[in-house]
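Novice: Structure provided below as structure tokens; questions to follow.
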Amino acid sequence: MDFGYTPAVEQWRERVQDFLDEVIYPAEPTFRDQVLAQASTNPWGRPPIMEELKVRARERGLWNLFLPGAEHGAGLTNLEYAPLAELSGRSPMLAPEAMNCSAPDTGNMEVLEHFAKPVLQERWLKPLLEGTIRSAYSMTEPDVASSDANNIATRIELDESSDELVVTGRKWWSSGAMAPECKVAVVMGLSSPHGEKHRRHSMVLVPMDTPGVHVQRSTHVLGYPDGPHGGHGEILYDAVRVPRDHLLGEWNGGFAIGQARLGPGRIHHCMRLIGMAERAYDLMCARVQNRVAFGKPLAAQGVVQDWIAQSRIRIEQARLLVLKTAWLMDTVGNRGAAVEISAIKVAVPEMATWVIDRAMQAHGGLGVSQDTPLPELYAQARMLHLADGPDEVHTMALARRELRRYPPNPQT
């Protein structure tokens, strides 16, 4: 295993770092001002500066970096993309979307590329690749424990008389659904209630302007509406009808598609979380060097030095595990990397929330105010203890996989 950055990756890192330094960081105050200015009139709209950032990213060739195929993306492997996603995580509200590398669009684009019919790719994938529309992912439901995908109760039924699919149910935490630019949702639902365990669900594309689609409210993240990200919607699908060709993949094949989608999504989140932790770490170190308490800089206090040391140790450990996971996904596939994917999904949010929390503590009252990015970083990191599967589910899955290597032996 060699996780050293190749000369080509170093060039990509330099380009992304320059983009952050020259474009993204200077734009953050303007972005926040525009978000506040439109909060009462257009809370879910994109701040105008976002389109400017997209133009500048495309001018620099920093577009769709997450896609492994050279046709639409940069042709990078997971291992090569990892350090670039980490850098984008240093400004999670701006950089990923500016480079068209933000969730849930990334996962939805991959699903469309692999499982949608050509006519749907032309209608939806192409504008998503161009960054002219957004999309939503509707999987989680309020009435069941969605951490077990087999619990999903939203129905997808085939009406053979009209050759249409009928979607009925309620979803929430449909990321991106509140944005005016959100034009289509990827919906997972129950299509064969009595089928085999992993052959009960299907996945379908639902245009947001289809009759019966009712976006009822936003679900906030620790009080943040997450508006510039597109929000998270609670959606009622009230006997929504779409043509049969809006089925993604095969009938009753939705569970496998969902797992294929979540594998890269989980590692992308973890890559960006490392960048978020690094941003918090930088802020913490700068703060403690320049603040004096009890007659000496905070950096001279033993407890603060412990925070600094432990943060660096935890970040480096997490990064190495993420790089190993990316390498395994490239070499043996998502299934072969299942243990490591579960491991990073538990370890990296835990690391990030710990580091960000220490940075907030080091800032005192400033650390929980709107004058630093720390509270928003913390809210996003805390949410990722739940998103794409809660910590406890990944811990259980990891343990079960490990125990398969140790079959019961009554003689021991």
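Convention: chains lettered A, B, ... in structure tokens order; per-chain residue numbering from 1; ligands numbered from 1 as shown.
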Do a neighbour search on A:Glu28 at 10 Å with only C-alpha atoms, toss out local chain neighbours closer than 5 positions, and write the hits as a PyMOL selection string.
Specialist: chain A and resi 23+33-34+49+91+93-95+373
Novice: Give me, as a PyMOL selection string, the residues of stretch 226-337 of chain A that a backbone DSSP run labels helix (DSSP H, G or I).
Specialist: chain A and resi 227-229+244-246+254-290+298-300+302-331+333-336
Novice: Would you mind telling me which residue in A:Phe115, A:Trp173, A:Trp327, A:Trp307 lies nearest to A:His246 when using only C-alpha atoms?
Specialist: A:Phe115
Novice: Which residues come within 9 Å of A:Val288, counting only C-alpha atoms, excluding same-chain residues fewer than 3 positions away, as a PyMOL selection string?
Specialist: chain A and resi 283-285+291-292+297-300+304+362-363
Novice: Can those selected residues be exported to a file as an mmCIF file, in the first residue's frame so that it contains N, CA and C atoms?
Specialist:
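Full text of result.cif as output:
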```cif
data_model
loop_
_atom_site.group_PDB
_atom_site.id
_atom_site.type_symbol
_atom_site.label_atom_id
_atom_site.label_comp_id
_atom_site.auth_asym_id
_atom_site.auth_seq_id
_atom_site.Cartn_x
_atom_site.Cartn_y
_atom_site.Cartn_z
ATOM 1 N N LEU A 283 -7.723 27.056 13.021
ATOM 2 C CA LEU A 283 -8.324 28.145 13.795
ATOM 3 C C LEU A 283 -7.962 28.029 15.271
ATOM 4 N N MET A 284 -7.968 26.801 15.787
ATOM 5 C CA MET A 284 -7.640 26.593 17.194
ATOM 6 C C MET A 284 -6.192 26.983 17.470
ATOM 7 N N CYS A 285 -5.265 26.534 16.650
ATOM 8 C CA CYS A 285 -3.855 26.820 16.897
ATOM 9 C C CYS A 285 -3.572 28.318 16.828
ATOM 10 N N ARG A 291 -4.049 34.409 22.417
ATOM 11 C CA ARG A 291 -4.908 34.760 23.544
ATOM 12 C C ARG A 291 -4.170 34.473 24.848
ATOM 13 N N VAL A 292 -4.295 35.398 25.783
ATOM 14 C CA VAL A 292 -3.617 35.264 27.074
ATOM 15 C C VAL A 292 -4.662 35.063 28.169
ATOM 16 N N PRO A 297 0.007 32.772 27.381
ATOM 17 C CA PRO A 297 -0.829 32.389 26.239
ATOM 18 C C PRO A 297 -1.542 31.065 26.504
ATOM 19 N N LEU A 298 -2.720 30.930 25.914
ATOM 20 C CA LEU A 298 -3.442 29.667 26.054
ATOM 21 C C LEU A 298 -2.596 28.494 25.568
ATOM 22 N N ALA A 299 -1.746 28.748 24.571
ATOM 23 C CA ALA A 299 -0.909 27.672 24.023
ATOM 24 C C ALA A 299 0.068 27.119 25.053
ATOM 25 N N ALA A 300 0.324 27.867 26.105
ATOM 26 C CA ALA A 300 1.240 27.403 27.146
ATOM 27 C C ALA A 300 0.538 26.585 28.226
ATOM 28 N N VAL A 304 -4.470 22.714 26.941
ATOM 29 C CA VAL A 304 -4.581 23.131 25.542
ATOM 30 C C VAL A 304 -3.547 22.401 24.695
ATOM 31 N N ALA A 362 -11.573 26.310 22.728
ATOM 32 C CA ALA A 362 -10.412 27.197 22.755
ATOM 33 C C ALA A 362 -10.784 28.635 22.404
ATOM 34 N N HIS A 363 -11.850 28.800 21.635
ATOM 35 C CA HIS A 363 -12.295 30.140 21.247
ATOM 36 C C HIS A 363 -13.191 30.790 22.302
#
```
Novice: Hey, which of A:Met109, A:Ala136, A:Val240, A:Ala260 ends up closest to A:Glu157? Count only C-alpha atoms.
Specialist: A:Val240
Novice: What gap, in Å, lies between atom CA of A:Ser102 and atom CA of A:Val368?
Specialist: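 That distance, rounded to one decimal, is 25.6 Å.
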Novice: Which residue gives the smallest distance to A:Arg400 among A:Ser342, A:Thr353, A:Arg170, A:Trp251, with only C-alpha atoms counted?
Specialist: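 For A:Arg400, the nearest of the candidates is A:Ser342.
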Novice: List the neighbours of stretch 356-358 of chain A out to 12 Å using only C-alpha atoms; skip same-chain residues closer than 6 positions along the sequence, and give me the result as number ranges by chain.
Specialist: A: 273-285, 287-288, 303-312, 314-315, 349-350, 364, 367-368, 372-382
Novice: So the first atom is atom CA of A:Met351 and the second is atom CA of A:Met396; what is the distance between them in Å, to one decimal place?
Specialist: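 Between atom CA of A:Met351 and atom CA of A:Met396 the gap is 19.1 Å.
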Novice: Would you work out the distance separating atom CA of A:Gly61 from atom CA of A:Asp330, expressed in Å to one decimal?
Specialist: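 Calculated distance between atom CA of A:Gly61 and atom CA of A:Asp330 is 23.4 Å.
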